[in-house]
Structure formats: structure tokens, C-alpha cells
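Q: input_39.tsv is the file, holding TSV, C-alpha atoms:
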```
chain	number	residue	atom	x	y	z
S	100	MET	CA	-52.60	-43.11	0.75
S	101	PRO	CA	-55.38	-41.34	-1.24
S	102	ILE	CA	-55.01	-37.58	-1.35
S	103	GLU	CA	-58.48	-37.24	0.18
S	104	TRP	CA	-57.09	-38.54	3.47
S	105	TRP	CA	-54.86	-35.48	3.74
S	106	LEU	CA	-57.93	-33.26	3.73
S	107	TYR	CA	-59.21	-34.59	7.05
S	108	PRO	CA	-56.42	-32.92	9.07
S	109	VAL	CA	-57.00	-29.71	7.10
S	110	PHE	CA	-60.68	-29.79	8.02
S	111	GLY	CA	-59.59	-30.34	11.63
S	112	VAL	CA	-57.39	-27.23	11.64
S	113	VAL	CA	-60.26	-25.05	10.43
S	114	ALA	CA	-62.80	-26.60	12.81
S	115	GLY	CA	-60.47	-26.37	15.80
S	116	LEU	CA	-59.61	-22.72	15.24
S	117	LEU	CA	-63.25	-21.75	14.74
S	118	ALA	CA	-64.39	-23.70	17.80
S	119	GLY	CA	-61.89	-21.95	20.02
S	120	LEU	CA	-62.20	-18.53	18.43
S	121	LEU	CA	-65.94	-18.01	17.86
S	122	GLY	CA	-67.55	-21.03	19.47
S	123	VAL	CA	-69.56	-21.43	16.24
S	124	GLY	CA	-69.16	-22.64	12.70
S	125	GLY	CA	-66.68	-25.48	13.03
S	126	GLY	CA	-69.36	-28.16	12.72
S	127	LEU	CA	-71.04	-26.50	9.75
S	128	VAL	CA	-67.74	-26.33	7.89
S	129	LEU	CA	-67.07	-29.99	8.66
S	130	VAL	CA	-70.51	-31.13	7.52
S	131	ALA	CA	-70.17	-29.32	4.20
S	132	GLY	CA	-66.67	-30.67	3.61
S	133	LEU	CA	-67.51	-34.23	4.64
S	134	ALA	CA	-70.71	-34.35	2.58
S	135	TRP	CA	-68.56	-33.57	-0.46
S	136	LEU	CA	-65.69	-35.92	0.45
S	137	LEU	CA	-67.22	-39.03	2.02
S	138	PRO	CA	-68.78	-40.49	-1.16
S	139	SER	CA	-65.25	-40.85	-2.55
S	140	GLN	CA	-64.44	-42.95	0.54
S	141	GLY	CA	-67.13	-45.49	-0.23
S	142	VAL	CA	-70.04	-43.94	1.68
S	143	PRO	CA	-73.24	-44.41	-0.37
S	144	ALA	CA	-74.63	-41.13	-1.69
S	145	SER	CA	-77.93	-41.70	0.11
S	146	ALA	CA	-76.09	-41.89	3.44
S	147	ALA	CA	-73.47	-39.17	2.81
S	148	MET	CA	-75.31	-36.46	4.76
S	149	HIS	CA	-76.06	-38.80	7.66
S	150	ALA	CA	-72.41	-39.84	7.81
S	151	ALA	CA	-71.23	-36.23	7.52
S	152	LEU	CA	-73.42	-35.17	10.44
S	153	ALA	CA	-72.45	-38.15	12.57
S	154	THR	CA	-68.72	-37.81	11.88
S	155	SER	CA	-68.75	-34.06	12.51
S	156	LEU	CA	-70.46	-34.58	15.86
S	157	ALA	CA	-67.96	-37.26	16.86
S	158	THR	CA	-65.06	-34.89	16.24
S	159	ILE	CA	-66.80	-32.12	18.20
S	160	VAL	CA	-66.38	-34.20	21.36
S	161	ILE	CA	-62.60	-34.00	21.09
S	162	THR	CA	-62.52	-30.43	19.78
S	163	GLY	CA	-64.87	-29.29	22.52
S	164	ILE	CA	-62.74	-30.86	25.26
S	165	ALA	CA	-59.62	-29.12	23.97
S	166	SER	CA	-61.40	-25.79	23.52
S	167	ALA	CA	-63.17	-25.94	26.89
S	168	ARG	CA	-59.92	-26.83	28.66
S	169	ALA	CA	-58.17	-23.85	27.08
S	170	HIS	CA	-61.00	-21.48	27.97
S	171	ASN	CA	-61.27	-22.91	31.48
S	172	GLN	CA	-57.61	-22.15	32.09
S	173	ARG	CA	-58.51	-18.51	31.43
S	174	GLY	CA	-61.57	-18.64	33.67
S	175	SER	CA	-64.04	-18.41	30.79
S	176	VAL	CA	-66.24	-21.46	31.44
S	177	LEU	CA	-69.27	-20.77	33.62
S	178	TRP	CA	-69.76	-24.26	35.05
S	179	PRO	CA	-73.05	-23.54	36.88
S	180	SER	CA	-74.60	-22.61	33.52
S	181	VAL	CA	-73.13	-25.75	31.94
S	182	ILE	CA	-74.76	-27.87	34.65
S	183	TRP	CA	-78.18	-26.34	33.95
S	184	LEU	CA	-77.84	-26.56	30.15
S	185	LEU	CA	-76.31	-30.01	29.80
S	186	PRO	CA	-79.21	-32.33	30.79
S	187	GLY	CA	-81.48	-30.84	28.15
S	188	MET	CA	-78.70	-30.87	25.57
S	189	LEU	CA	-77.93	-34.54	26.18
S	190	LEU	CA	-81.58	-35.47	25.77
S	191	GLY	CA	-82.00	-33.24	22.74
S	192	GLY	CA	-78.86	-34.56	21.04
S	193	TRP	CA	-80.02	-38.16	21.44
S	194	LEU	CA	-83.54	-37.39	20.19
S	195	GLY	CA	-82.26	-35.28	17.30
S	196	SER	CA	-79.92	-37.98	16.02
S	197	GLY	CA	-82.76	-40.50	16.12
S	198	LEU	CA	-84.94	-38.14	14.10
S	199	ALA	CA	-82.16	-37.49	11.58
S	200	THR	CA	-81.75	-41.19	10.80
S	201	ARG	CA	-85.39	-41.21	9.69
S	202	LEU	CA	-85.00	-38.28	7.30
S	203	SER	CA	-83.66	-38.45	3.75
S	204	GLY	CA	-80.27	-37.05	2.82
S	205	ALA	CA	-81.94	-34.37	0.70
S	206	TRP	CA	-83.97	-33.10	3.65
S	207	LEU	CA	-80.89	-33.02	5.83
S	208	ARG	CA	-78.83	-31.21	3.20
S	209	ASP	CA	-81.51	-28.55	2.75
S	210	GLY	CA	-81.77	-28.19	6.51
S	211	VAL	CA	-78.03	-27.64	6.90
S	212	ALA	CA	-78.02	-25.15	4.02
S	213	LEU	CA	-80.86	-23.18	5.61
S	214	TYR	CA	-79.15	-23.24	8.99
S	215	CYS	CA	-75.93	-21.90	7.44
S	216	LEU	CA	-77.88	-18.95	6.04
S	217	LEU	CA	-79.60	-18.27	9.37
S	218	ALA	CA	-76.32	-18.53	11.27
S	219	ALA	CA	-74.70	-16.13	8.79
S	220	LEU	CA	-77.54	-13.65	9.32
S	221	GLN	CA	-77.26	-13.93	13.10
S	222	LEU	CA	-73.52	-13.31	13.01
S	223	TRP	CA	-73.83	-10.37	10.63
S	224	LEU	CA	-76.55	-8.67	12.68
S	225	ASP	CA	-74.92	-9.66	15.97
S	226	TRP	CA	-78.35	-10.66	17.26
S	227	PRO	CA	-79.65	-10.95	19.93
S	228	ARG	CA	-78.11	-7.89	21.50
S	229	ALA	CA	-76.35	-8.39	24.79
S	230	ARG	CA	-77.75	-7.09	28.02
S	231	ASP	CA	-75.39	-5.40	30.44
S	232	ALA	CA	-72.58	-7.92	30.84
S	233	HIS	CA	-71.90	-9.38	34.27
S	234	ASP	CA	-69.91	-12.26	35.70
S	235	GLU	CA	-72.82	-14.17	37.24
S	236	SER	CA	-73.70	-17.53	35.74
S	237	PRO	CA	-77.25	-17.81	34.35
S	238	ARG	CA	-79.16	-20.60	36.07
S	239	GLY	CA	-82.60	-22.11	36.08
S	240	ALA	CA	-84.90	-24.64	34.46
S	241	GLY	CA	-85.34	-22.33	31.48
S	242	LEU	CA	-81.77	-23.13	30.45
S	243	SER	CA	-82.50	-26.86	30.62
S	244	VAL	CA	-85.56	-26.46	28.40
S	245	ALA	CA	-83.58	-24.36	25.93
S	246	GLY	CA	-80.91	-27.06	26.02
S	247	VAL	CA	-83.36	-29.64	24.63
S	248	PHE	CA	-84.10	-27.50	21.58
S	249	ILE	CA	-80.41	-26.68	21.10
S	250	GLY	CA	-79.51	-30.37	21.32
S	251	VAL	CA	-82.14	-31.50	18.82
S	252	LEU	CA	-81.25	-28.87	16.23
S	253	SER	CA	-77.52	-29.42	16.73
S	254	ALA	CA	-77.89	-33.14	16.03
S	255	LEU	CA	-79.89	-32.40	12.88
S	256	VAL	CA	-77.25	-30.06	11.42
S	257	GLY	CA	-74.08	-31.62	12.88
S	258	ILE	CA	-72.85	-28.88	15.19
S	259	GLY	CA	-71.89	-28.39	18.82
S	260	GLY	CA	-74.64	-25.82	19.34
S	261	GLY	CA	-72.40	-22.77	19.68
S	262	SER	CA	-74.39	-20.69	17.19
S	263	MET	CA	-77.36	-21.02	19.56
S	264	THR	CA	-75.72	-21.33	22.98
S	265	VAL	CA	-73.44	-18.31	22.58
S	266	PRO	CA	-76.24	-15.87	21.60
S	267	LEU	CA	-78.45	-17.26	24.39
S	268	LEU	CA	-75.78	-16.66	27.02
S	269	VAL	CA	-74.84	-13.25	25.64
S	270	TRP	CA	-78.52	-12.29	25.74
S	271	ARG	CA	-78.55	-13.37	29.38
S	272	GLY	CA	-75.73	-10.91	30.09
S	273	VAL	CA	-72.68	-13.18	29.84
S	274	PRO	CA	-69.56	-11.53	28.34
S	275	ALA	CA	-68.92	-12.86	24.83
S	276	VAL	CA	-65.64	-14.63	25.56
S	277	ARG	CA	-67.20	-16.42	28.56
S	278	ALA	CA	-70.18	-17.40	26.43
S	279	VAL	CA	-67.80	-18.98	23.91
S	280	GLY	CA	-65.96	-20.88	26.64
S	281	THR	CA	-69.18	-22.11	28.24
S	282	SER	CA	-70.55	-23.14	24.85
S	283	SER	CA	-67.41	-25.18	24.16
S	284	ALA	CA	-68.00	-27.21	27.31
S	285	CYS	CA	-71.67	-27.73	26.40
S	286	GLY	CA	-70.68	-28.85	22.90
S	287	VAL	CA	-68.89	-31.87	24.37
S	288	GLY	CA	-72.18	-33.18	25.73
S	289	ILE	CA	-74.10	-32.45	22.54
S	290	GLY	CA	-71.46	-34.12	20.40
S	291	LEU	CA	-71.28	-37.19	22.64
S	292	ALA	CA	-75.04	-37.80	22.88
S	293	SER	CA	-75.65	-37.10	19.18
S	294	ALA	CA	-72.70	-39.12	17.89
S	295	LEU	CA	-73.69	-42.11	20.04
S	296	GLY	CA	-77.20	-41.88	18.63
S	297	TYR	CA	-75.89	-41.98	15.06
S	298	ALA	CA	-73.32	-44.68	15.89
S	299	THR	CA	-75.76	-47.08	17.52
S	300	HIS	CA	-78.31	-46.78	14.72
S	301	THR	CA	-78.00	-49.48	12.05
S	302	PRO	CA	-77.66	-47.79	8.63
S	303	SER	CA	-80.11	-48.80	5.93
S	304	VAL	CA	-77.21	-49.10	3.45
S	305	ALA	CA	-73.79	-50.74	3.55
S	306	MET	CA	-71.17	-48.41	5.03
S	307	PRO	CA	-67.44	-48.73	4.26
S	308	ALA	CA	-65.00	-50.51	6.56
S	309	GLY	CA	-64.08	-48.42	9.58
S	310	SER	CA	-67.62	-47.19	10.17
S	311	TRP	CA	-69.48	-47.35	13.46
S	312	GLY	CA	-73.08	-46.91	12.50
S	313	TYR	CA	-73.06	-43.66	10.54
S	314	VAL	CA	-69.77	-42.43	12.05
S	315	TYR	CA	-66.85	-42.86	9.64
S	316	LEU	CA	-64.01	-43.36	12.10
S	317	PRO	CA	-61.00	-42.70	9.79
S	318	ALA	CA	-62.33	-39.21	9.05
S	319	ALA	CA	-63.29	-38.60	12.67
S	320	ILE	CA	-59.83	-39.53	13.91
S	321	GLY	CA	-57.99	-37.55	11.21
S	322	ILE	CA	-60.05	-34.44	11.94
S	323	ALA	CA	-59.95	-34.81	15.72
S	324	ILE	CA	-56.15	-34.94	15.92
S	325	THR	CA	-55.60	-31.53	14.35
S	326	SER	CA	-58.76	-29.92	15.74
S	327	MET	CA	-57.65	-30.88	19.25
S	328	LEU	CA	-54.27	-29.24	18.66
S	329	CYS	CA	-55.69	-26.07	17.09
S	330	ALA	CA	-58.64	-25.36	19.40
S	331	PRO	CA	-56.41	-23.90	22.16
S	332	TYR	CA	-54.91	-21.45	19.65
S	333	GLY	CA	-58.40	-20.36	18.65
S	334	ALA	CA	-59.26	-19.85	22.33
S	335	ARG	CA	-56.12	-17.77	22.79
S	336	LEU	CA	-57.06	-15.60	19.80
S	337	ALA	CA	-60.58	-15.17	21.19
S	338	HIS	CA	-59.10	-13.33	24.15
S	339	ARG	CA	-57.12	-10.97	21.90
S	340	LEU	CA	-59.10	-10.18	18.77
S	341	SER	CA	-61.97	-7.81	18.18
S	342	GLY	CA	-65.18	-9.74	17.56
S	343	PRO	CA	-67.50	-7.77	15.22
S	344	ALA	CA	-65.30	-7.67	12.10
S	345	LEU	CA	-64.32	-11.30	12.54
S	346	LYS	CA	-67.94	-12.36	12.89
S	347	ARG	CA	-68.93	-10.55	9.71
S	348	ILE	CA	-66.13	-12.16	7.72
S	349	PHE	CA	-67.23	-15.58	8.91
S	350	ALA	CA	-70.88	-14.69	8.22
S	351	VAL	CA	-70.00	-14.17	4.55
S	352	PHE	CA	-68.18	-17.51	4.53
S	353	LEU	CA	-71.20	-19.31	6.04
S	354	LEU	CA	-73.45	-17.62	3.49
S	355	ALA	CA	-71.29	-19.05	0.69
S	356	VAL	CA	-71.34	-22.51	2.29
S	357	GLY	CA	-75.12	-22.43	2.66
S	358	LEU	CA	-75.69	-21.32	-0.91
S	359	ALA	CA	-73.29	-23.96	-2.24
S	360	MET	CA	-75.06	-26.74	-0.33
S	361	GLY	CA	-78.50	-25.49	-1.28
S	362	LEU	CA	-77.65	-25.42	-5.00
S	363	THR	CA	-76.10	-28.91	-5.18
```
What does the file become when written as C-alpha cells?
A:
Amino acid sequence: MPIEWWLYPVFGVVAGLLAGLLGVGGGLVLVAGLAWLLPSQGVPASAAMHAALATSLATIVITGIASARAHNQRGSVLWPSVIWLLPGMLLGGWLGSGLATRLSGAWLRDGVALYCLLAALQLWLDWPRARDAHDESPRGAGLSVAGVFIGVLSALVGIGGGSMTVPLLVWRGVPAVRAVGTSSACGVGIGLASALGYATHTPSVAMPAGSWGYVYLPAAIGIAITSMLCAPYGARLAHRLSGPALKRIFAVFLLAVGLAMGLT
């Protein structure tokens, strides 16, 4: 077995822990790693970014289920908010994946790099600032509209939307740990709609065996197994660790990832 195959479970460990712990970043790490690794697996260079995005989103479905289940057991998923957010996210994820298949790999790579830098800035500044936290679930059509934009952008950069959903909910007065749990549940819908969009689109180049559209299934399965196992541990840590220092450390990491992608 090629040594590259052992990296998929490693990617899954990192993505799973980040998904459960911060609700952000796991997808961005996966996209960067997969964009570097997939060409060695027979994915044409021109389709590497498309495949990285699609495969990352496919794994987010499994990671999100595991993370949301762990958070729900601790009462941290606000289901009324999920219900309002999800329709827009499903629509946005489908539309975003369709748009991404029409863009070049270079455009997508630059977009992911820019998003990494913006996400790093948001984490470092801890913006937007939270209102007074309360236990009520935000509701309303405004969440559904926001969900469309979150879904589209998530599909374009290969993430479960946590770096947008968490700040939105915190700004609406949701305690941070509940925002992370709610975002994990929403990420399942984004990942499913987006991954299906990428999978059902016929690639313009020949993909290696084991591909479904742009989704490279061997990588998705290898990542999903360990991410599913590690997401509950990340959720457990989210209820114990102090957030600000952890966010700043990860902000520096995302900054490095964004710069690396932008310079390649």
C-alpha cells in the first residue's frame, strides 16, 4: 500500500478534532492536504482542487454527524436554529458546488487561500463580538437567507460552514459551545448537498478509479473513519478548554496554510 494512503487517516484525526473542538477549520485543513496529495493518486492537476473540495465535503457529512451527536448528548445543539438555517444551506451548497465545477483550479485555489486568511483574521480578532449570551434559539427567515450564502461559500472552499455559522450564532447571543454544536449539525446538510453536487457532475477530465464525479472515495473513506472517531473527543475538549488562546493558535496555523496555498 502506498505511503500516501496512510496520510488519509491522519488528516481525519486532525479534521475530526477540529470539528468537535472549534467547529471550524477541519475542512480547510483537508482541502489543503488533499490538493497536495491527490495528484499522486492519479487525479489530474487541473481537477485536483475540485476533487479536494468535493472529497473534503463528503467527509464532513460523517464528521459532522459524529460531532453533532457528541454535542447533542451534552445539550449543545439548538435544533430550532438548525431547522431555520438548513433549507438555505442545502440550497446554497448545491448551487455553490455547481458554480465551483465551472471555475478553474487556479481560481478555486486562490479562493481557498484567501478564505484561510480571512478565517485566521476572524479567529484572531474574535469577531463579531458576542451579545449577552442566552439559551434561546435564534429563529426567523433571516437565518434561512444567511444559510444560502453560507452554503454557497462553503461549497466553494470545501468546508462545513463553521467559520461562518459559529460567529453568526455567537453574534445572535448563543453561547460559544452551543454555537459549535449547532454548527456541527448544520455542517452535515452543507456537506451532503455540496458533495452530491460535485459527485453528480461529470468531470471534464478522466478521474482515477474509485471516483464518483469529483469525489475520490478512497480518500473520503480513509479520512471519514478516523474523523468520525475523533470528533467526539474534540467535542469533549470544547466543553473543558478555554477558547481564546486556542483560537489564536489555530488562527496562526490557518494563516500559514493560506500563505502556503497562495504561493504555490
Q: Per residue of stretch 125-180 of chain S within 10 Å of stretch 208-226 of chain S, record the nearest atom pair and its distance in Å to one decimal, counting all atoms listed in the file, with rows in chain order and ascending residue number, as a tab-separated table.
A:
```
residue	atom	partner	partner_atom	distance
S:Leu127	CA	S:Cys215	CA	7.1
S:Val128	CA	S:Cys215	CA	9.3
S:Val130	CA	S:Val211	CA	8.3
S:Ala131	CA	S:Val211	CA	8.5
S:Ala134	CA	S:Arg208	CA	8.7
S:Ala147	CA	S:Arg208	CA	9.6
S:Met148	CA	S:Arg208	CA	6.5
S:His149	CA	S:Arg208	CA	9.2
S:Leu152	CA	S:Val211	CA	9.5
```
Q: Which residues are close to S:Tyr332, i.e. within 9 Å by all atoms listed in the file, leaving aside same-chain residues fewer than 6 positions away? Reply as a count of residues only.
A: 6
Q: Between atom CA of S:Val160 and atom CA of S:Pro274, what distance in Å does the model show, to one decimal?
A: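 Computing it gives 23.9 Å between the two atoms.
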Q: Would you mind telling me which residue in S:Val279, S:Leu129, S:Ala153, S:Ile289 lies nearest to S:Arg335 when using all atoms listed in the file?
A: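 Nearest to S:Arg335: S:Val279.
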Q: For S:Trp270, which residue out of S:Pro237, S:Gly132, S:Pro317, S:Val112 is the nearest one, using all atoms listed in the file?
A: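 Ranking S:Pro237, S:Gly132, S:Pro317, S:Val112 by distance to S:Trp270, first place goes to S:Pro237.
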Q: What does the distance between atom CA of S:Gly361 and atom CA of S:Ala199 come to in Å, to one decimal place?
A: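 So the two atoms, atom CA of S:Gly361 and atom CA of S:Ala199, lie 18.0 Å apart.
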Q: Pick out the residues sitting within 9 Å of S:Val113, and hand them over as an MDAnalysis selection string; count all atoms listed in the file, and ignore anything fewer than 2 positions along from it in its own chain.
A: chainID S and resid 108:111 115:118 125 128:129 325:326 329
Q: Determine, counting all atoms listed in the file, which protein, DNA and RNA residues have an atom within 7 Å of an atom of S:Ser236; residues of the same chain fewer than 3 positions away are not included. Present the result as a PyMOL selection string.
A: chain S and resi 177+179-180
Q: So that I can check the surroundings of stretch 241-247 of chain S, please list as a PyMOL selection string every protein, DNA and RNA residue that reaches within 8 Å of it, counting only C-alpha atoms and ignoring chain neighbours fewer than 6 positions away.
A: chain S and resi 180+183-192
Q: Give me the residues within 12 Å of S:Ala151 as a ChimeraX atom specification, counting all atoms listed in the file and dropping any in the same chain fewer than 2 places off.
A: /S:126-138,140,142-149,153-158,199,204,207-208,211,254-258,294,297,310,312-316,318-319
Q: Would you write out those residues with C-alpha atoms, as a PDB file, keeping the file's coordinate frame?
A:
```pdb
ATOM      1  CA  GLY S 126     -69.360 -28.160  12.720  1.00  0.00           C
ATOM      2  CA  LEU S 127     -71.040 -26.500   9.750  1.00  0.00           C
ATOM      3  CA  VAL S 128     -67.740 -26.330   7.890  1.00  0.00           C
ATOM      4  CA  LEU S 129     -67.070 -29.990   8.660  1.00  0.00           C
ATOM      5  CA  VAL S 130     -70.510 -31.130   7.520  1.00  0.00           C
ATOM      6  CA  ALA S 131     -70.170 -29.320   4.200  1.00  0.00           C
ATOM      7  CA  GLY S 132     -66.670 -30.670   3.610  1.00  0.00           C
ATOM      8  CA  LEU S 133     -67.510 -34.230   4.640  1.00  0.00           C
ATOM      9  CA  ALA S 134     -70.710 -34.350   2.580  1.00  0.00           C
ATOM     10  CA  TRP S 135     -68.560 -33.570  -0.460  1.00  0.00           C
ATOM     11  CA  LEU S 136     -65.690 -35.920   0.450  1.00  0.00           C
ATOM     12  CA  LEU S 137     -67.220 -39.030   2.020  1.00  0.00           C
ATOM     13  CA  PRO S 138     -68.780 -40.490  -1.160  1.00  0.00           C
ATOM     14  CA  GLN S 140     -64.440 -42.950   0.540  1.00  0.00           C
ATOM     15  CA  VAL S 142     -70.040 -43.940   1.680  1.00  0.00           C
ATOM     16  CA  PRO S 143     -73.240 -44.410  -0.370  1.00  0.00           C
ATOM     17  CA  ALA S 144     -74.630 -41.130  -1.690  1.00  0.00           C
ATOM     18  CA  SER S 145     -77.930 -41.700   0.110  1.00  0.00           C
ATOM     19  CA  ALA S 146     -76.090 -41.890   3.440  1.00  0.00           C
ATOM     20  CA  ALA S 147     -73.470 -39.170   2.810  1.00  0.00           C
ATOM     21  CA  MET S 148     -75.310 -36.460   4.760  1.00  0.00           C
ATOM     22  CA  HIS S 149     -76.060 -38.800   7.660  1.00  0.00           C
ATOM     23  CA  ALA S 153     -72.450 -38.150  12.570  1.00  0.00           C
ATOM     24  CA  THR S 154     -68.720 -37.810  11.880  1.00  0.00           C
ATOM     25  CA  SER S 155     -68.750 -34.060  12.510  1.00  0.00           C
ATOM     26  CA  LEU S 156     -70.460 -34.580  15.860  1.00  0.00           C
ATOM     27  CA  ALA S 157     -67.960 -37.260  16.860  1.00  0.00           C
ATOM     28  CA  THR S 158     -65.060 -34.890  16.240  1.00  0.00           C
ATOM     29  CA  ALA S 199     -82.160 -37.490  11.580  1.00  0.00           C
ATOM     30  CA  GLY S 204     -80.270 -37.050   2.820  1.00  0.00           C
ATOM     31  CA  LEU S 207     -80.890 -33.020   5.830  1.00  0.00           C
ATOM     32  CA  ARG S 208     -78.830 -31.210   3.200  1.00  0.00           C
ATOM     33  CA  VAL S 211     -78.030 -27.640   6.900  1.00  0.00           C
ATOM     34  CA  ALA S 254     -77.890 -33.140  16.030  1.00  0.00           C
ATOM     35  CA  LEU S 255     -79.890 -32.400  12.880  1.00  0.00           C
ATOM     36  CA  VAL S 256     -77.250 -30.060  11.420  1.00  0.00           C
ATOM     37  CA  GLY S 257     -74.080 -31.620  12.880  1.00  0.00           C
ATOM     38  CA  ILE S 258     -72.850 -28.880  15.190  1.00  0.00           C
ATOM     39  CA  ALA S 294     -72.700 -39.120  17.890  1.00  0.00           C
ATOM     40  CA  TYR S 297     -75.890 -41.980  15.060  1.00  0.00           C
ATOM     41  CA  SER S 310     -67.620 -47.190  10.170  1.00  0.00           C
ATOM     42  CA  GLY S 312     -73.080 -46.910  12.500  1.00  0.00           C
ATOM     43  CA  TYR S 313     -73.060 -43.660  10.540  1.00  0.00           C
ATOM     44  CA  VAL S 314     -69.770 -42.430  12.050  1.00  0.00           C
ATOM     45  CA  TYR S 315     -66.850 -42.860   9.640  1.00  0.00           C
ATOM     46  CA  LEU S 316     -64.010 -43.360  12.100  1.00  0.00           C
ATOM     47  CA  ALA S 318     -62.330 -39.210   9.050  1.00  0.00           C
ATOM     48  CA  ALA S 319     -63.290 -38.600  12.670  1.00  0.00           C
TER      49      ALA S 319
END
```
Q: Let me make sure I understand: among S:Met306, S:Leu358, S:Leu336, S:Ile320, which one has the smallest atom-to-atom distance to S:Gly141 if we use only C-alpha atoms?
A: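 Closest to S:Gly141 of all the choices is S:Met306.
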Q: Using all atoms listed in the file for the distances, tell me which of S:Leu252, S:Ala355, S:Ala308, S:Ile182 is nearest to S:Gly288.
A: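 Ranked by minimum distance to S:Gly288, first place goes to S:Ile182.
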Q: Counting only C-alpha atoms, figure out which residue out of S:Ile348, S:Ala292, S:Val176, S:Ala359 gets nearest to S:Val273.
A: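 Once distances to S:Val273 are computed over only C-alpha atoms, the minimum belongs to S:Val176.
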Q: Quick check, in Å to one decimal: how far apart do atom CA of S:His300 and atom CA of S:Thr162 lie?
A: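 Atom CA of S:Thr162 lies at a distance of 23.3 Å from atom CA of S:His300.
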Q: Measuring atom to atom with all atoms listed in the file, identify which of S:Gly163, S:Gly239, S:Trp311, S:Arg168 is nearest to S:Gly260.
A: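 Ranked by minimum distance to S:Gly260, first place goes to S:Gly163.
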Q: Once you've located stretch 253-267 of chain S in the structure I gave, write it as a compact mmCIF listing (two decimals), in the first residue's frame, keeping N, CA, C and O atoms.
A:
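Okay, this is what ended up in out.txt:
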```txt
# COMPACT_ATOMS: atom_id res chain seq x y z
N SER S 253 -19.36 27.83 1.46
CA SER S 253 -18.81 26.58 1.99
C SER S 253 -18.49 25.60 0.87
O SER S 253 -17.46 24.92 0.89
N ALA S 254 -19.38 25.50 -0.12
CA ALA S 254 -19.14 24.59 -1.24
C ALA S 254 -17.95 25.03 -2.07
O ALA S 254 -17.23 24.21 -2.63
N LEU S 255 -17.73 26.34 -2.16
CA LEU S 255 -16.63 26.86 -2.96
C LEU S 255 -15.27 26.66 -2.30
O LEU S 255 -14.24 26.62 -2.99
N VAL S 256 -15.24 26.56 -0.96
CA VAL S 256 -13.95 26.41 -0.26
C VAL S 256 -13.84 25.07 0.48
O VAL S 256 -12.85 24.81 1.15
N GLY S 257 -14.87 24.22 0.37
CA GLY S 257 -14.76 22.85 0.88
C GLY S 257 -14.89 22.69 2.38
O GLY S 257 -14.24 21.84 2.97
N ILE S 258 -15.78 23.48 3.01
CA ILE S 258 -15.90 23.43 4.45
C ILE S 258 -17.35 23.17 4.86
O ILE S 258 -18.27 23.25 4.04
N GLY S 259 -17.54 22.90 6.14
CA GLY S 259 -18.87 22.69 6.68
C GLY S 259 -19.55 23.96 7.15
O GLY S 259 -20.65 23.90 7.70
N GLY S 260 -18.93 25.10 6.93
CA GLY S 260 -19.55 26.39 7.23
C GLY S 260 -19.38 26.88 8.65
O GLY S 260 -19.91 27.93 9.01
N GLY S 261 -18.62 26.15 9.47
CA GLY S 261 -18.50 26.53 10.87
C GLY S 261 -17.87 27.90 11.09
O GLY S 261 -18.24 28.62 12.03
N SER S 262 -16.93 28.29 10.22
CA SER S 262 -16.27 29.58 10.40
C SER S 262 -17.21 30.75 10.09
O SER S 262 -16.86 31.90 10.36
N MET S 263 -18.38 30.45 9.54
CA MET S 263 -19.41 31.48 9.35
C MET S 263 -20.59 31.27 10.29
O MET S 263 -21.12 32.23 10.86
N THR S 264 -21.01 30.02 10.45
CA THR S 264 -22.18 29.74 11.28
C THR S 264 -21.92 30.04 12.75
O THR S 264 -22.77 30.62 13.44
N VAL S 265 -20.74 29.65 13.25
CA VAL S 265 -20.43 29.89 14.66
C VAL S 265 -20.43 31.39 14.99
O VAL S 265 -21.09 31.82 15.94
N PRO S 266 -19.70 32.23 14.23
CA PRO S 266 -19.76 33.67 14.54
C PRO S 266 -21.17 34.25 14.42
O PRO S 266 -21.54 35.13 15.21
N LEU S 267 -21.94 33.78 13.45
CA LEU S 267 -23.31 34.28 13.29
C LEU S 267 -24.15 33.98 14.53
O LEU S 267 -24.84 34.87 15.06
```
